[in-house]
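Pasted below: structure.cif, mmCIF, C-alpha atoms and all ligand atoms.
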data_coords
loop_
_atom_site.label_atom_id
_atom_site.label_comp_id
_atom_site.auth_asym_id
_atom_site.auth_seq_id
_atom_site.Cartn_x
_atom_site.Cartn_y
_atom_site.Cartn_z
CA MET A 1 17.02 42.77 43.78
CA ALA A 2 17.17 46.49 44.21
CA PHE A 3 19.38 49.00 42.39
CA LYS A 4 20.57 52.55 42.96
CA ALA A 5 19.44 55.50 40.84
CA GLU A 6 21.55 58.64 41.25
CA TYR A 7 19.16 61.56 40.57
CA ILE A 8 21.17 64.52 39.24
CA TRP A 9 19.91 68.10 38.86
CA ILE A 10 21.06 71.66 38.20
CA ASP A 11 20.75 73.90 41.26
CA GLY A 12 20.20 77.64 41.76
CA THR A 13 23.72 78.66 42.85
CA GLU A 14 24.51 82.26 41.87
CA PRO A 15 26.03 83.52 39.71
CA SER A 16 26.47 80.14 37.99
CA PRO A 17 24.68 76.89 38.85
CA SER A 18 26.22 73.73 40.28
CA LEU A 19 25.18 70.11 40.09
CA ARG A 20 23.54 68.20 42.93
CA SER A 21 22.55 64.56 43.26
CA LYS A 22 21.04 62.08 45.66
CA THR A 23 20.47 58.37 45.63
CA ARG A 24 17.18 56.55 45.32
CA VAL A 25 16.98 52.80 45.83
CA LEU A 26 14.49 51.20 43.45
CA ALA A 27 13.13 47.69 42.94
CA ASP A 28 14.39 45.84 39.88
CA GLY A 29 12.41 46.68 36.76
CA SER A 30 11.07 49.87 38.31
CA ASP A 31 10.65 53.05 36.24
CA PHE A 32 12.26 56.26 37.49
CA PRO A 33 9.54 57.96 39.52
CA ILE A 34 9.16 61.69 39.94
CA TRP A 35 10.96 62.75 43.14
CA GLY A 36 11.60 65.90 45.15
CA PHE A 37 14.20 67.82 47.14
CA ASP A 38 14.63 70.70 49.57
CA GLY A 39 14.91 73.76 47.34
CA SER A 40 15.73 75.99 50.30
CA SER A 41 19.15 74.30 50.46
CA THR A 42 19.94 74.82 46.76
CA ASN A 43 18.84 78.46 46.30
CA GLN A 44 15.72 77.26 44.47
CA ALA A 45 12.94 77.87 47.01
CA PRO A 46 12.16 79.75 50.23
CA GLY A 47 12.22 77.75 53.51
CA GLU A 48 8.50 78.07 54.14
CA ASN A 49 7.66 76.62 50.73
CA SER A 50 10.70 74.51 50.05
CA ASP A 51 9.61 71.56 47.92
CA CYS A 52 10.93 71.30 44.37
CA VAL A 53 10.15 68.46 41.97
CA LEU A 54 12.64 66.27 40.08
CA ARG A 55 11.44 64.85 36.77
CA PRO A 56 13.79 62.32 35.08
CA VAL A 57 14.68 63.24 31.49
CA PHE A 58 17.67 61.02 30.65
CA SER A 59 19.21 57.93 32.20
CA CYS A 60 22.28 55.77 31.60
CA PRO A 61 24.30 53.08 33.37
CA ASP A 62 26.22 54.35 36.42
CA PRO A 63 29.85 53.63 35.50
CA ILE A 64 31.05 54.42 39.04
CA SER A 65 28.96 51.98 41.04
CA GLY A 66 28.39 49.55 38.16
CA GLY A 67 25.93 46.66 38.20
CA ASN A 68 22.35 47.64 37.41
CA ASN A 69 22.81 51.06 38.97
CA LYS A 70 21.83 54.13 36.96
CA LEU A 71 22.49 57.84 36.61
CA VAL A 72 19.28 59.83 36.12
CA MET A 73 19.46 63.39 34.79
CA CYS A 74 16.42 65.38 35.98
CA GLU A 75 14.77 68.70 35.25
CA VAL A 76 13.49 70.80 38.14
CA LEU A 77 9.79 71.67 38.35
CA LEU A 78 7.67 73.69 40.75
CA PRO A 79 5.11 71.70 42.77
CA ASP A 80 2.43 72.65 40.20
CA MET A 81 4.61 70.79 37.65
CA SER A 82 5.48 73.91 35.66
CA PRO A 83 9.20 74.51 34.91
CA HIS A 84 11.21 76.02 37.78
CA PRO A 85 12.81 79.40 36.91
CA THR A 86 16.23 77.65 36.92
CA ASN A 87 14.98 75.09 34.37
CA ASN A 88 16.33 76.08 30.93
CA ARG A 89 15.56 72.70 29.42
CA ALA A 90 11.81 73.22 29.02
CA ALA A 91 12.27 76.11 26.55
CA CYS A 92 14.93 74.12 24.68
CA VAL A 93 12.42 71.28 24.23
CA GLU A 94 9.96 73.70 22.61
CA VAL A 95 12.47 75.18 20.17
CA ALA A 96 13.99 71.79 19.37
CA SER A 97 10.63 70.34 18.45
CA LYS A 98 9.49 73.42 16.51
CA PHE A 99 12.59 73.23 14.28
CA GLU A 100 13.00 69.45 14.37
CA ASN A 101 12.97 69.19 10.56
CA TYR A 102 16.26 71.18 10.39
CA GLU A 103 17.97 68.18 12.03
CA SER A 104 20.38 70.25 14.14
CA TRP A 105 23.52 68.60 15.49
CA PHE A 106 25.89 69.89 18.15
CA GLY A 107 29.40 68.92 19.22
CA ILE A 108 30.42 70.70 22.43
CA GLU A 109 34.05 71.08 23.55
CA GLN A 110 34.01 71.31 27.34
CA GLU A 111 37.17 72.92 28.74
CA PHE A 112 37.83 72.78 32.48
CA THR A 113 40.60 73.27 35.04
CA LEU A 114 41.73 70.89 37.77
CA PHE A 115 42.55 72.33 41.18
CA GLU A 116 44.21 70.95 44.29
CA ALA A 117 41.69 69.95 46.97
CA ASP A 118 41.90 73.48 48.43
CA GLY A 119 40.14 74.71 45.29
CA LYS A 120 42.65 77.57 45.02
CA GLN A 121 45.73 76.25 43.27
CA PRO A 122 45.52 74.71 39.78
CA ILE A 123 47.38 71.42 39.64
CA GLY A 124 50.76 71.91 38.01
CA PHE A 125 51.14 75.37 39.58
CA PRO A 126 53.95 75.52 42.18
CA ASP A 127 53.01 76.61 45.71
CA GLY A 128 52.36 80.34 45.76
CA GLY A 129 53.83 80.88 42.30
CA PHE A 130 53.50 80.34 38.59
CA PRO A 131 54.82 77.63 36.27
CA GLU A 132 56.75 78.12 33.04
CA ALA A 133 54.73 80.18 30.51
CA GLN A 134 52.14 78.55 28.27
CA GLY A 135 53.32 76.64 25.24
CA PRO A 136 54.45 73.14 26.14
CA TYR A 137 51.35 72.00 28.03
CA TYR A 138 48.83 71.68 25.16
CA CYS A 139 48.48 67.99 24.16
CA SER A 140 51.65 67.31 26.15
CA VAL A 141 53.23 64.08 27.29
CA GLY A 142 55.63 63.80 30.23
CA ALA A 143 55.30 64.51 33.95
CA ASN A 144 56.95 67.94 33.67
CA TYR A 145 54.17 69.31 31.43
CA ASN A 146 51.14 67.05 31.78
CA PHE A 147 49.10 67.44 34.96
CA GLY A 148 45.90 65.51 35.58
CA ARG A 149 45.97 62.92 32.83
CA GLU A 150 44.72 60.30 35.34
CA VAL A 151 41.52 62.33 35.86
CA SER A 152 40.90 62.89 32.15
CA GLU A 153 41.44 59.22 31.33
CA ALA A 154 39.23 57.94 34.16
CA HIS A 155 36.52 60.41 33.11
CA ALA A 156 36.63 59.38 29.43
CA THR A 157 36.35 55.71 30.42
CA ALA A 158 33.44 56.49 32.73
CA CYS A 159 31.62 58.37 29.94
CA ILE A 160 32.16 55.51 27.48
CA ASP A 161 30.90 52.98 30.05
CA ALA A 162 27.84 55.17 30.66
CA GLY A 163 27.08 55.31 26.94
CA ILE A 164 27.62 59.07 26.77
CA GLY A 165 28.58 60.34 23.31
CA ILE A 166 32.05 61.54 24.28
CA ALA A 167 34.09 62.29 21.14
CA GLY A 168 37.59 62.84 22.53
CA THR A 169 39.82 64.57 25.08
CA ASN A 170 42.97 66.71 25.09
CA ALA A 171 45.27 68.49 27.52
CA GLU A 172 44.85 72.26 27.13
CA VAL A 173 47.09 75.31 26.94
CA MET A 174 47.30 76.10 30.67
CA PRO A 175 48.71 73.51 33.12
CA GLY A 176 45.89 71.53 34.73
CA GLN A 177 43.47 72.56 31.98
CA TRP A 178 41.74 69.88 29.89
CA GLU A 179 38.97 69.39 27.38
CA PHE A 180 36.52 66.69 26.41
CA GLN A 181 33.99 66.80 23.59
CA VAL A 182 30.42 65.45 23.48
CA GLY A 183 28.59 64.95 20.20
CA PRO A 184 27.58 65.37 17.50
CA LEU A 185 24.08 64.88 18.87
CA GLY A 186 20.72 66.68 18.77
CA PRO A 187 20.17 69.67 21.08
CA LEU A 188 18.52 67.81 23.98
CA GLU A 189 20.73 64.73 23.69
CA VAL A 190 23.97 66.74 23.71
CA SER A 191 22.77 68.95 26.57
CA ASP A 192 21.51 66.15 28.83
CA GLN A 193 24.66 64.16 28.18
CA LEU A 194 26.99 67.13 28.71
CA TRP A 195 25.43 67.78 32.12
CA VAL A 196 25.85 64.10 33.08
CA ALA A 197 29.43 64.19 31.76
CA ARG A 198 30.10 67.25 33.94
CA TRP A 199 28.69 65.42 36.96
CA LEU A 200 30.88 62.41 36.19
CA LEU A 201 33.92 64.68 35.93
CA HIS A 202 33.37 66.11 39.43
CA ARG A 203 32.64 62.61 40.72
CA VAL A 204 35.70 60.97 39.14
CA ALA A 205 37.96 63.79 40.35
CA GLU A 206 36.77 63.17 43.94
CA GLU A 207 38.65 59.86 43.83
CA PHE A 208 41.89 61.77 43.16
CA ASP A 209 41.19 64.47 45.76
CA ILE A 210 41.08 66.97 42.89
CA VAL A 211 38.48 69.72 42.38
CA VAL A 212 37.04 70.61 38.97
CA SER A 213 36.38 74.23 37.98
CA ILE A 214 34.41 75.36 34.93
CA ASP A 215 35.18 79.03 35.63
CA PRO A 216 35.87 80.69 32.24
CA LYS A 217 38.94 82.57 33.56
CA PRO A 218 40.29 80.48 36.45
CA VAL A 219 43.69 82.23 36.52
CA SER A 220 43.91 85.89 35.56
CA GLY A 221 46.76 87.21 33.46
CA ASP A 222 48.53 85.57 30.58
CA TRP A 223 46.79 82.22 30.87
CA ASN A 224 44.13 80.86 28.52
CA GLY A 225 40.56 80.98 29.72
CA ALA A 226 38.19 78.03 29.46
CA GLY A 227 35.41 77.83 26.89
CA CYS A 228 32.75 75.55 25.54
CA HIS A 229 33.18 75.89 21.76
CA THR A 230 29.88 74.80 20.25
CA ASN A 231 30.06 73.12 16.85
CA PHE A 232 26.73 73.35 15.06
CA SER A 233 25.16 72.13 11.84
CA THR A 234 21.78 71.71 10.27
CA LYS A 235 21.04 69.16 7.56
CA ALA A 236 21.35 71.96 4.96
CA MET A 237 24.78 72.95 6.34
CA ARG A 238 25.93 69.35 6.13
CA GLU A 239 24.94 69.31 2.45
CA SER A 240 26.27 72.66 1.14
CA TYR A 241 28.31 75.75 2.03
CA GLN A 242 25.98 78.72 1.59
CA PRO A 243 23.75 77.73 4.56
CA ILE A 244 26.87 77.90 6.77
CA ILE A 245 27.58 81.47 5.63
CA ASP A 246 23.89 82.35 6.05
CA ALA A 247 24.00 80.99 9.62
CA CYS A 248 27.11 83.08 10.43
CA GLU A 249 25.41 86.20 9.08
CA ALA A 250 22.22 85.52 11.08
CA ILE A 251 24.21 84.95 14.28
CA GLY A 252 26.03 88.25 13.67
CA LYS A 253 22.66 90.04 13.79
CA ASN A 254 21.71 88.65 17.21
CA ILE A 255 24.90 89.18 19.20
CA ASN A 256 23.50 90.59 22.43
CA GLU A 257 21.00 87.82 23.08
CA HIS A 258 23.67 85.18 22.56
CA MET A 259 26.27 86.89 24.72
CA ALA A 260 23.76 87.36 27.56
CA ASN A 261 23.23 83.59 27.63
CA TYR A 262 26.70 82.21 26.92
CA GLY A 263 27.95 81.90 30.51
CA VAL A 264 28.82 84.05 33.51
CA GLY A 265 32.18 85.84 33.65
CA ASN A 266 32.75 85.42 29.91
CA GLU A 267 33.89 89.05 29.61
CA LYS A 268 37.06 88.07 31.49
CA ARG A 269 37.80 85.44 28.85
CA LEU A 270 36.73 87.07 25.56
CA THR A 271 39.43 89.75 25.48
CA GLY A 272 40.72 89.35 21.92
CA LEU A 273 43.79 87.55 23.31
CA HIS A 274 44.35 83.84 23.96
CA GLU A 275 42.57 82.57 20.84
CA THR A 276 39.40 84.62 21.37
CA GLN A 277 37.57 87.48 19.71
CA ARG A 278 36.67 90.46 21.93
CA ILE A 279 33.26 90.19 23.57
CA ASP A 280 32.13 93.47 21.92
CA GLN A 281 33.16 92.46 18.40
CA PHE A 282 31.79 89.86 16.00
CA SER A 283 33.59 88.14 13.15
CA TYR A 284 33.63 84.84 11.34
CA GLY A 285 36.30 83.26 9.21
CA VAL A 286 37.88 80.09 7.90
CA SER A 287 40.46 78.60 10.30
CA ASP A 288 40.41 81.81 12.38
CA ARG A 289 40.85 81.09 16.10
CA GLY A 290 40.62 84.83 16.79
CA ALA A 291 37.11 84.98 15.29
CA SER A 292 33.79 84.66 17.13
CA ILE A 293 32.87 81.87 14.73
CA ARG A 294 35.40 79.65 13.01
CA ILE A 295 34.62 77.70 9.86
CA PRO A 296 37.00 74.75 10.02
CA TRP A 297 39.49 74.48 7.14
CA GLN A 298 38.16 71.08 6.10
CA VAL A 299 34.63 72.49 5.89
CA GLU A 300 35.73 75.07 3.32
CA VAL A 301 37.54 72.37 1.34
CA ASP A 302 34.49 70.09 1.41
CA GLN A 303 32.10 73.03 0.85
CA LYS A 304 29.83 71.62 3.54
CA GLY A 305 29.87 70.66 7.23
CA TYR A 306 29.47 72.86 10.30
CA LEU A 307 30.51 76.02 12.08
CA GLU A 308 32.22 76.48 15.45
CA ASP A 309 30.80 79.15 17.76
CA ARG A 310 33.86 79.91 19.92
CA ARG A 311 32.13 82.34 22.27
CA PRO A 312 30.31 80.11 24.84
CA ALA A 313 32.10 80.03 28.21
CA SER A 314 33.04 76.81 29.97
CA ASN A 315 30.22 77.36 32.49
CA MET A 316 27.51 77.87 29.85
CA ASP A 317 24.21 76.01 30.00
CA PRO A 318 23.94 73.90 26.82
CA TYR A 319 20.13 74.08 26.96
CA LEU A 320 20.43 77.85 26.42
CA VAL A 321 23.22 77.79 23.83
CA THR A 322 21.72 75.08 21.61
CA LYS A 323 18.28 76.68 21.83
CA LEU A 324 19.64 80.08 20.76
CA LEU A 325 21.69 78.73 17.86
CA ILE A 326 18.60 76.98 16.47
CA GLN A 327 16.34 79.97 17.12
CA THR A 328 18.72 82.45 15.47
CA THR A 329 19.57 80.41 12.38
CA CYS A 330 16.46 78.33 11.59
CA GLY A 331 13.12 79.54 10.33
P1 LIG A 401 38.66 71.77 17.61
O1 LIG A 401 39.43 71.56 16.35
O2 LIG A 401 37.95 73.08 17.63
O3 LIG A 401 39.46 71.52 18.85
P2 LIG A 401 37.22 69.33 18.39
O4 LIG A 401 37.74 68.16 17.63
O5 LIG A 401 37.65 69.48 19.79
O6 LIG A 401 37.49 70.67 17.53
O7 LIG A 401 35.63 69.30 18.44
C1 LIG A 401 34.85 69.28 17.29
C2 LIG A 401 33.48 68.75 17.66
O8 LIG A 401 32.61 68.97 16.55
C3 LIG A 401 33.46 67.26 17.93
O9 LIG A 401 32.68 67.03 19.10
C4 LIG A 401 32.76 66.69 16.72
O10 LIG A 401 32.05 65.52 17.03
C5 LIG A 401 31.81 67.83 16.38
N1 LIG A 401 31.28 67.78 15.01
C6 LIG A 401 31.80 67.16 13.92
N2 LIG A 401 31.00 67.30 12.86
C7 LIG A 401 29.92 68.03 13.26
C8 LIG A 401 28.74 68.49 12.64
N3 LIG A 401 28.48 68.24 11.34
N4 LIG A 401 27.85 69.20 13.36
C9 LIG A 401 28.10 69.47 14.66
N5 LIG A 401 29.19 69.05 15.31
C10 LIG A 401 30.10 68.32 14.63
MN MN A 402 38.78 71.03 20.75
MN MN A 403 40.13 73.61 23.42
MN MN A 404 37.37 74.33 19.24
#
Please lay out the structure from this file as structure tokens.
Amino acid sequence: MAFKAEYIWIDGTEPSPSLRSKTRVLADGSDFPIWGFDGSSTNQAPGENSDCVLRPVFSCPDPISGGNNKLVMCEVLLPDMSPHPTNNRAACVEVASKFENYESWFGIEQEFTLFEADGKQPIGFPDGGFPEAQGPYYCSVGANYNFGREVSEAHATACIDAGIGIAGTNAEVMPGQWEFQVGPLGPLEVSDQLWVARWLLHRVAEEFDIVVSIDPKPVSGDWNGAGCHTNFSTKAMRESYQPIIDACEAIGKNINEHMANYGVGNEKRLTGLHETQRIDQFSYGVSDRGASIRIPWQVEVDQKGYLEDRRPASNMDPYLVTKLLIQTTCG
């Protein structure tokens, strides 16, 4: 018997990458071989030298096609087997292994917005106009305020069936806006699984003729943007409070490098309004949703736990964000 392996990779779309995939049919019991693709069609290579290499890094059951079929997350290499310039995973592997003894965990809150098939109108927005102001949509129930529950539920089930470490979901502040969380997991595990969960979200939404956007400010004006809050702890932070404060202080000394790698278009979202801190200011505080970094209330009570970096945009690359948080706070 043969089975299908859906090879998934991150492309070179500017200014923010997209996901691509193609299907390989393999004989039962087969490993996942190295494969290739036409990089000239993904903004990853010139036409006259177009081959890029796919190296499998993570696999799981394919919850869409079922059976023995698999999803295979890949990293992109050049033909000489060195990392492609669009491959941010390779550097994350290095930092993760260098600081392995810190036992870093991450829980990532992926926010996203569902659009009609035209890709222009968020679901729940009336034709050519705007819905009632924000307020009733967050964690709502009822057809007047909740738009897209069927997509969120089908996606959560798909992630569970795939064995992805999804932690929960909620309807967000803007109509058509949702969130799911992955983790807590190590830096590579959370990143590989978040990318597969993003692919599954696009794939599941296809069935409903709905388009997913991870643009950090999908609707301008008085509507919440979309982020990827990154909850982070080391073993020391899970055991006592001072390491959490030390981590916040260290992060506050490396603002520019983080902001340059926290997603494209984030300046439209981090305005100081809509539960954000301004992009040019840094602060941390307990329970403060207007801070760059929030220390959850329960963490202060327990005097141990984790911090929440609220700055990453919804379109961030988790390989970059997890790498930077480890690099800045460990060692
Ligand atoms: P919020 O209150 O900001 O909406 P969520 O419940 O959406 O928070 O997300 C919190 C995330 O933090 C979850 O994915 C959870 O698994 C993760 N998390 C919990 N404990 C830790 C920890 N010690 N280190 C890292 N992440 C953690
Ligand atoms: Mn959340
Ligand atoms: Mn949220
Ligand atoms: Mn959060």
Near stretch 219-225 of chain A, 10 Å: stretch 116-199 of chain A residue rows, closest pairs, all atoms listed in the file, as CSV:
residue,atom,partner,partner_atom,distance
A:Lys120,CA,A:Val219,CA,9.7
A:Gln121,CA,A:Val219,CA,9.2
A:Pro122,CA,A:Val219,CA,8.4
A:Ala133,CA,A:Trp223,CA,8.2
A:Gln134,CA,A:Trp223,CA,7.0
A:Glu172,CA,A:Asn224,CA,8.7
A:Val173,CA,A:Asn224,CA,6.5
A:Met174,CA,A:Asn224,CA,6.1
A:Pro175,CA,A:Trp223,CA,9.2
A:Gln177,CA,A:Asn224,CA,9.0
Once you count all atoms listed in the file, which residues end up within 10 Å of ligand MN 404 (chain A), and could you hand them over as a short mmCIF file (atom, residue, chain, number, x, y, z; two decimals) with C-alpha atoms, in the frame of the given file?
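Saved result, pocket.cif, follows:
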data_model
loop_
_atom_site.label_atom_id
_atom_site.label_comp_id
_atom_site.auth_asym_id
_atom_site.auth_seq_id
_atom_site.Cartn_x
_atom_site.Cartn_y
_atom_site.Cartn_z
CA GLY A 107 29.40 68.92 19.22
CA ILE A 108 30.42 70.70 22.43
CA GLU A 109 34.05 71.08 23.55
CA GLN A 110 34.01 71.31 27.34
CA GLU A 111 37.17 72.92 28.74
CA GLU A 179 38.97 69.39 27.38
CA GLN A 181 33.99 66.80 23.59
CA GLY A 227 35.41 77.83 26.89
CA CYS A 228 32.75 75.55 25.54
CA HIS A 229 33.18 75.89 21.76
CA THR A 230 29.88 74.80 20.25
CA ASN A 231 30.06 73.12 16.85
CA GLU A 275 42.57 82.57 20.84
CA ARG A 289 40.85 81.09 16.10
CA ILE A 293 32.87 81.87 14.73
CA ARG A 294 35.40 79.65 13.01
CA PRO A 296 37.00 74.75 10.02
CA GLU A 308 32.22 76.48 15.45
CA ASP A 309 30.80 79.15 17.76
CA ARG A 310 33.86 79.91 19.92
#
Which of these, A:Asn266, A:Asn49, A:Thr13, A:Thr329, has the shortest distance to A:Pro218 once you count only C-alpha atoms? A:Asn266
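Here atom CA of A:Ala45 and atom CA of A:Thr322 stand 27.0 Å from one another.
From atom CA of A:Val151 back to atom CA of A:Leu201, the distance works out to 8.0 Å.
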One number please: atom CA of A:Asp192 to atom CA of A:Val321, in Å, one decimal. 12.8 Å
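Restricting the calculation to only C-alpha atoms, the smallest distance between A:Ala313 and any of A:Val264, A:Val301, A:Val196, A:Ile160 is found for A:Val264.
Point (13.4, 67.2, 7.6) has the following residues at most 10 Å away: Phe99, Glu100, Asn101, Tyr102, Glu103, Thr234, Lys235 and Ala236 of chain A (atoms considered: only C-alpha atoms).
Residues lying within 10 Å of A:Thr271, counting only C-alpha atoms and ignoring same-chain neighbours fewer than 5 positions away, are Gly225, Asn266, Thr276, Gln277, Arg278, Ile279, Asp280 and Gln281 of chain A.
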Prev. selection, C-alpha atoms, output as a PDB file, in the coordinates of the input:
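Once written, out.pdb looks like this:
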ATOM      1  CA  GLY A 225      40.560  80.980  29.720  1.00  0.00           C
ATOM      2  CA  ASN A 266      32.750  85.420  29.910  1.00  0.00           C
ATOM      3  CA  THR A 276      39.400  84.620  21.370  1.00  0.00           C
ATOM      4  CA  GLN A 277      37.570  87.480  19.710  1.00  0.00           C
ATOM      5  CA  ARG A 278      36.670  90.460  21.930  1.00  0.00           C
ATOM      6  CA  ILE A 279      33.260  90.190  23.570  1.00  0.00           C
ATOM      7  CA  ASP A 280      32.130  93.470  21.920  1.00  0.00           C
ATOM      8  CA  GLN A 281      33.160  92.460  18.400  1.00  0.00           C
TER       9      GLN A 281
END
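Closest approach to ligand MN 402 (chain A) among A:Asn87, A:Thr328, A:Ser233, A:Asn170: A:Asn170, based on all atoms listed in the file.
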Skipping near chain neighbours, those fewer than 6 positions away, what residues fall within 12 Å of A:Cys248 using all atoms listed in the file, listed as a JSON list (two decimals) with C-alpha atoms, keeping the file's coordinate frame?
[["chain", "number", "residue", "atom", "x", "y", "z"],
["A", 232, "PHE", "CA", 26.73, 73.35, 15.06],
["A", 233, "SER", "CA", 25.16, 72.13, 11.84],
["A", 237, "MET", "CA", 24.78, 72.95, 6.34],
["A", 241, "TYR", "CA", 28.31, 75.75, 2.03],
["A", 242, "GLN", "CA", 25.98, 78.72, 1.59],
["A", 254, "ASN", "CA", 21.71, 88.65, 17.21],
["A", 255, "ILE", "CA", 24.90, 89.18, 19.20],
["A", 282, "PHE", "CA", 31.79, 89.86, 16.00],
["A", 283, "SER", "CA", 33.59, 88.14, 13.15],
["A", 284, "TYR", "CA", 33.63, 84.84, 11.34],
["A", 285, "GLY", "CA", 36.30, 83.26, 9.21],
["A", 286, "VAL", "CA", 37.88, 80.09, 7.90],
["A", 291, "ALA", "CA", 37.11, 84.98, 15.29],
["A", 292, "SER", "CA", 33.79, 84.66, 17.13],
["A", 293, "ILE", "CA", 32.87, 81.87, 14.73],
["A", 294, "ARG", "CA", 35.40, 79.65, 13.01],
["A", 295, "ILE", "CA", 34.62, 77.70, 9.86],
["A", 306, "TYR", "CA", 29.47, 72.86, 10.30],
["A", 307, "LEU", "CA", 30.51, 76.02, 12.08],
["A", 308, "GLU", "CA", 32.22, 76.48, 15.45],
["A", 309, "ASP", "CA", 30.80, 79.15, 17.76],
["A", 325, "LEU", "CA", 21.69, 78.73, 17.86],
["A", 328, "THR", "CA", 18.72, 82.45, 15.47],
["A", 329, "THR", "CA", 19.57, 80.41, 12.38],
["A", 330, "CYS", "CA", 16.46, 78.33, 11.59]]
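Distance check against A:His202 using all atoms listed in the file: of A:Phe115, A:Phe147, A:Thr86, A:Tyr262, the minimum falls on A:Phe115.
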So that I can check the surroundings of A:Pro83, please list as a ChimeraX atom specification every protein, DNA and RNA residue that reaches within 12 Å of it, counting all atoms listed in the file and ignoring chain neighbours fewer than 3 positions away. /A:44,52-55,74-80,86-93
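Among the candidates A:Glu48, A:Asn69, A:Phe180, A:Gly163, the residue lying nearest to A:Arg24 is A:Asn69 (atoms considered: only C-alpha atoms).
Closest approach to ligand MN 403 (chain A) among A:Cys139, A:Val25, A:Leu185, A:Leu194: A:Cys139, based on only C-alpha atoms and all ligand atoms.
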The residues within 12 Å of (42.9, 71.7, 47.0), using only C-alpha atoms and the coordinates of the file, should be reported as a ChimeraX atom specification; which are they? /A:114-125,127,205-206,208-213
